[in-house]
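Report on the following structure.
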2 protein chains.
Amino acid sequence: MRMNEGVEWALHSCLNLTWMDPGRAVPAARLAAFYDLPAAYLNKQLQALARAGILTSTSGPRGGFRLARRPEEITLLDVVVAIEGAEDAFRCEQILKKGPGADPEADYRKICLISQSMRQAELAYRKELASRTIADLKADVERLYPATPGATRAWFANARP
Amino acid sequence: MRMNEGVEWALHSCLNLTWMDPGRAVPAARLAAFYDLPAAYLNKQLQALARAGILTSTSGPRGGFRLARRPEEITLLDVVVAIEGAEDAFRCEQILKKGPGADPEADYRKICLISQSMRQAELAYRKELASRTIADLKADVERLYPATPGATRAWFANARP
DNA sequence: GTCTGCATACTCGGATAAGAGCTGTCCGAGTAGCTTAGG
DNA sequence: CCTAAGCTACTCGGACAGCTCTTATCCGAGTATGCAGAC
């Protein structure tokens, strides 16, 4: 059960975007260069975020990506779901239906206690992720590493590849 | 992020084993036939449970698998870890280390706030799974579906493929 | 000087390959029980 | 009848393919910009 690598990239990129001037789009290539990531592949992940309504994309010169809504309104769960999809990791295949004495009409995804337990655990996971926003991350970083926002902003403003 | 299919099989098989006579081993083929699963592949999953010390295996005629310890001492997390491995789903690749102004000595898996948040969510997930044992499942099934234990025991005692 | 049209370069977006991991299968090593022969 | 040796059949265990999903890359569609030329 390995999570998509792109989740880490997407979270860091969203965080970096919070420090950009509002209305200023950043190209995927620039975001990728910041961490020395493969640009085309990061672009793919950012596309997913755009489809999910987390980012807005602009084509052409001076185009790129920017946050579609305020950092307070973007949870970590939003980003994870945008990249990984909304499906649960544990997929109940209803093997009870193949067992003896099964009810062909029953929906074992609901009544199977194993399925319920696994779903409850994933619910706790999602709840934790949903309780934390990009704004929370931003605030914590600015408190613990006060130099980071300025340095990041400067890098994106100056560095010309 | 899809979880291994074998987790579902393993959990159901462990639960079924709680209803067997103690000291009585059940072959993988029999456990597989109960849900019409591919026997060789289920065998592979049960091997993993045996390696993890959840089951004990016996070769030869009248051999098979049985629970290695009491159902109260087997958590859902034990089973999931046995099949999926102990690694976290989210693997922090420390991309901050590639960024400008990074500290080559720092362990960003510990100080990166994104990594911390993701780990905290997985901790909640694991905590939930660890709080529920096979014995809990057994008790709930026996309460909600009183016919199941007897029917299961009878199937394993009678059915000769 | 100002406006308009055009060429240009830039960026996203989806279509297209390589690699890793999960899924599924097979056969060999080892063991318990049965059969058979001998005492 | 009892015992013991050998044989048989059964079961786990790990080694071996097929397939899906992740990872990575490339090229085309569309657009804002800047330039050139006409008014």
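Residues in the structure tokens are named by chain (A, B, ... in the order shown) and by number from 1 within that chain; ligands are numbered from 1 in the order shown.
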
Would you list the contacts of DT20 (chain D) as JSON, numbers by chain, taking every protein, DNA or RNA residue within 10 Å and counting only C-alpha atoms (C1' of nucleotides), but skipping same-chain residues closer than 6 positions in sequence? {"C": [21, 22, 23]}

With chain A held fixed, move chain B onto it by a least-squares fit of all C-alpha atoms in order and give the output as a short mmCIF file (atom, residue, chain, number, x, y, z; two decimals) with C-alpha atoms, in the first residue's frame.
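Writing the result to superposed.cif gives the following:
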```
data_model
loop_
_atom_site.label_atom_id
_atom_site.label_comp_id
_atom_site.auth_asym_id
_atom_site.auth_seq_id
_atom_site.Cartn_x
_atom_site.Cartn_y
_atom_site.Cartn_z
CA MET B 1 -0.04 0.04 -0.05
CA ARG B 2 2.14 2.81 -1.34
CA MET B 3 0.80 6.30 -1.73
CA ASN B 4 1.46 8.17 -4.93
CA GLU B 5 4.71 10.08 -4.88
CA GLY B 6 2.90 13.06 -6.37
CA VAL B 7 1.07 13.75 -3.12
CA GLU B 8 4.26 14.94 -1.49
CA TRP B 9 5.08 17.11 -4.47
CA ALA B 10 1.58 18.54 -4.61
CA LEU B 11 1.54 19.47 -0.95
CA HIS B 12 4.90 21.20 -1.10
CA SER B 13 3.91 23.01 -4.28
CA CYS B 14 0.63 24.22 -2.78
CA LEU B 15 2.51 25.49 0.24
CA ASN B 16 4.98 27.35 -1.94
CA LEU B 17 2.14 28.88 -3.90
CA THR B 18 0.76 30.44 -0.71
CA TRP B 19 3.83 32.68 -0.62
CA MET B 20 3.48 33.96 -4.16
CA ASP B 21 1.93 37.31 -4.97
CA PRO B 22 -1.80 36.80 -5.42
CA GLY B 23 -2.81 36.80 -9.04
CA ARG B 24 0.69 35.68 -10.02
CA ALA B 25 0.80 32.31 -11.75
CA VAL B 26 3.83 30.02 -11.47
CA PRO B 27 4.65 27.58 -14.28
CA ALA B 28 4.99 23.91 -13.46
CA ALA B 29 8.57 23.97 -14.69
CA ARG B 30 9.47 26.60 -12.11
CA LEU B 31 7.78 24.74 -9.28
CA ALA B 32 9.60 21.58 -10.36
CA ALA B 33 12.99 23.29 -10.53
CA PHE B 34 12.62 24.39 -6.91
CA TYR B 35 12.95 20.78 -5.76
CA ASP B 36 14.68 19.40 -8.86
CA LEU B 37 11.67 17.31 -9.83
CA PRO B 38 10.75 16.01 -13.31
CA ALA B 39 8.77 18.94 -14.67
CA ALA B 40 6.42 17.05 -16.96
CA TYR B 41 5.38 14.66 -14.24
CA LEU B 42 4.79 17.38 -11.68
CA ASN B 43 2.73 19.09 -14.35
CA LYS B 44 0.58 15.98 -14.46
CA GLN B 45 -0.08 16.16 -10.74
CA LEU B 46 -0.86 19.86 -10.87
CA GLN B 47 -3.36 19.15 -13.62
CA ALA B 48 -5.13 16.82 -11.23
CA LEU B 49 -5.24 19.57 -8.62
CA ALA B 50 -6.69 21.92 -11.22
CA ARG B 51 -9.36 19.39 -12.16
CA ALA B 52 -10.24 19.13 -8.47
CA GLY B 53 -10.68 22.87 -8.22
CA ILE B 54 -7.71 23.41 -5.91
CA LEU B 55 -5.62 25.26 -8.47
CA THR B 56 -6.44 27.33 -11.53
CA SER B 57 -4.31 27.02 -14.62
CA THR B 58 -3.43 29.59 -17.24
CA SER B 59 -1.83 28.88 -20.60
CA GLY B 60 0.67 30.90 -22.51
CA PRO B 61 3.41 33.31 -21.45
CA ARG B 62 3.19 34.44 -17.83
CA GLY B 63 0.81 31.55 -17.34
CA GLY B 64 1.03 28.69 -14.88
CA PHE B 65 -0.80 27.62 -11.73
CA ARG B 66 -2.13 29.50 -8.74
CA LEU B 67 -4.32 28.63 -5.80
CA ALA B 68 -7.99 28.57 -6.72
CA ARG B 69 -9.15 29.41 -3.22
CA ARG B 70 -7.82 30.63 0.09
CA PRO B 71 -5.34 28.33 1.89
CA GLU B 72 -7.80 28.11 4.79
CA GLU B 73 -10.20 26.36 2.45
CA ILE B 74 -7.78 23.69 1.20
CA THR B 75 -7.40 20.68 3.45
CA LEU B 76 -4.71 18.05 3.15
CA LEU B 77 -7.48 15.59 2.40
CA ASP B 78 -8.52 17.68 -0.61
CA VAL B 79 -5.02 17.36 -2.05
CA VAL B 80 -4.70 13.66 -1.30
CA VAL B 81 -8.08 12.90 -2.86
CA ALA B 82 -7.26 14.99 -5.91
CA ILE B 83 -4.12 12.93 -6.58
CA GLU B 84 -5.08 9.49 -5.27
CA GLY B 85 -8.76 9.44 -6.07
CA ALA B 86 -11.67 9.17 -3.69
CA GLU B 87 -11.75 5.39 -3.42
CA ASP B 88 -10.96 3.71 -0.14
CA ALA B 89 -7.67 1.86 0.10
CA PHE B 90 -9.47 -1.18 1.46
CA ARG B 91 -11.95 -2.38 -1.15
CA CYS B 92 -14.44 -4.85 0.21
CA GLU B 93 -14.92 -7.43 -2.53
CA GLN B 94 -17.78 -9.01 -0.62
CA ILE B 95 -16.24 -12.44 -0.51
CA LEU B 96 -18.94 -13.38 1.98
CA LYS B 97 -21.25 -13.46 -1.01
CA LYS B 98 -19.28 -16.43 -2.33
CA GLY B 99 -19.49 -18.26 1.00
CA PRO B 100 -22.07 -20.88 1.97
CA GLY B 101 -25.43 -19.56 3.06
CA ALA B 102 -24.88 -16.12 1.61
CA ASP B 103 -27.70 -13.75 0.78
CA PRO B 104 -27.33 -12.75 -2.90
CA GLU B 105 -29.34 -9.59 -2.28
CA ALA B 106 -27.36 -8.35 0.71
CA ASP B 107 -24.79 -5.58 0.37
CA TYR B 108 -21.94 -7.00 2.36
CA ARG B 109 -20.00 -3.79 2.09
CA LYS B 110 -22.43 -2.47 4.67
CA ILE B 111 -23.16 -5.45 6.89
CA CYS B 112 -19.77 -7.19 6.90
CA LEU B 113 -18.13 -6.32 10.20
CA ILE B 114 -14.65 -6.58 8.76
CA SER B 115 -15.56 -4.10 6.08
CA GLN B 116 -17.02 -1.80 8.71
CA SER B 117 -13.91 -1.93 10.85
CA MET B 118 -11.62 -1.18 7.95
CA ARG B 119 -13.82 1.66 6.83
CA GLN B 120 -13.86 3.12 10.32
CA ALA B 121 -10.07 3.16 10.39
CA GLU B 122 -9.90 4.92 7.06
CA LEU B 123 -12.47 7.39 8.33
CA ALA B 124 -10.16 8.27 11.20
CA TYR B 125 -7.37 8.75 8.69
CA ARG B 126 -9.43 11.03 6.49
CA LYS B 127 -10.72 12.96 9.47
CA GLU B 128 -7.19 13.71 10.55
CA LEU B 129 -6.24 14.89 7.08
CA ALA B 130 -9.40 16.96 6.75
CA SER B 131 -8.71 18.76 9.99
CA ARG B 132 -5.49 20.29 8.70
CA THR B 133 -5.37 22.97 6.02
CA ILE B 134 -2.67 24.44 3.85
CA ALA B 135 -3.07 27.61 5.91
CA ASP B 136 -2.21 25.65 9.07
CA LEU B 137 0.95 24.38 7.43
CA LYS B 138 1.81 27.87 6.25
CA ALA B 139 1.35 29.33 9.73
CA ASP B 140 3.45 26.61 11.37
CA VAL B 141 6.27 26.98 8.88
CA GLU B 142 6.30 30.74 9.31
CA ARG B 143 6.46 30.30 13.06
CA LEU B 144 9.17 27.61 13.12
CA TYR B 145 11.20 28.70 10.10
CA PRO B 146 10.68 32.46 9.75
CA ALA B 147 13.25 32.75 6.96
CA THR B 148 11.51 30.32 4.66
CA PRO B 149 8.75 32.52 3.20
CA GLY B 150 11.12 35.34 2.22
CA ALA B 151 13.72 32.97 0.83
CA THR B 152 11.14 31.08 -1.18
CA ARG B 153 9.58 34.23 -2.54
CA ALA B 154 13.00 35.54 -3.49
CA TRP B 155 13.97 32.33 -5.25
CA PHE B 156 10.84 32.35 -7.37
CA ALA B 157 11.26 36.05 -8.13
CA ASN B 158 14.95 35.96 -9.06
CA ALA B 159 16.06 32.60 -10.33
CA ARG B 160 16.02 32.48 -14.09
CA PRO B 161 16.83 28.96 -15.23
#
```

Please find the residues of chain C near chain A - the criterion being any atom within 12 Å, counting only C-alpha atoms (C1' of nucleotides) - and write them as a PDB file with C-alpha atoms (C1' of nucleotides), in the first residue's frame.
```pdb
ATOM      1  C1'  DT C   8       6.459  34.098 -31.761  1.00  0.00           C
ATOM      2  C1'  DA C   9       7.406  31.796 -27.781  1.00  0.00           C
ATOM      3  C1'  DC C  10       5.498  30.000 -23.817  1.00  0.00           C
ATOM      4  C1'  DT C  11       2.380  26.953 -21.051  1.00  0.00           C
ATOM      5  C1'  DC C  12      -0.955  23.593 -20.225  1.00  0.00           C
ATOM      6  C1'  DG C  13      -3.149  19.202 -21.547  1.00  0.00           C
ATOM      7  C1'  DG C  14      -3.600  14.780 -22.949  1.00  0.00           C
ATOM      8  C1'  DA C  20       7.558  -1.674 -10.346  1.00  0.00           C
ATOM      9  C1'  DG C  21       4.418  -4.093  -7.644  1.00  0.00           C
ATOM     10  C1'  DC C  22       0.403  -6.846  -7.121  1.00  0.00           C
TER      11       DC C  22
END
```

Once you count only C-alpha atoms (C1' of nucleotides), what closest atom pair and distance in Å to one decimal does each residue of chain D within 9 Å of chain A have, with rows by chain and rising residue number, as a Markdown table?
```
| residue | atom | partner | partner_atom | distance |
| --- | --- | --- | --- | --- |
| D:DT22 | C1' | A:Asn4 | CA | 7.5 |
| D:DT23 | C1' | A:Tyr41 | CA | 8.1 |
| D:DA24 | C1' | A:Tyr41 | CA | 6.6 |
| D:DT25 | C1' | A:Ala40 | CA | 7.2 |
| D:DG30 | C1' | A:Ser59 | CA | 7.2 |
| D:DT31 | C1' | A:Gly60 | CA | 4.8 |
| D:DA32 | C1' | A:Pro61 | CA | 5.7 |
| D:DT33 | C1' | A:Pro61 | CA | 6.9 |
```

Which parts of chain B does DSSP call helix (DSSP H, G or I) when run on the backbone here, written out as a ChimeraX atom specification? /B:5-17,28-35,39-51,71-73,76-84,95-98,108-111,113-130,134-144,147-158

Could you jot down the C1' of DC27 (chain D) to C1' of DC6 (chain C) separation for me, Å, one decimal place? 24.2 Å

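All residues of region 43-103 of chain B that DSSP, run on the backbone, classes as strand (DSSP E) are Leu55, Thr56, Ser57, Thr58, Gly64, Phe65, Arg66 and Leu67 of chain B.
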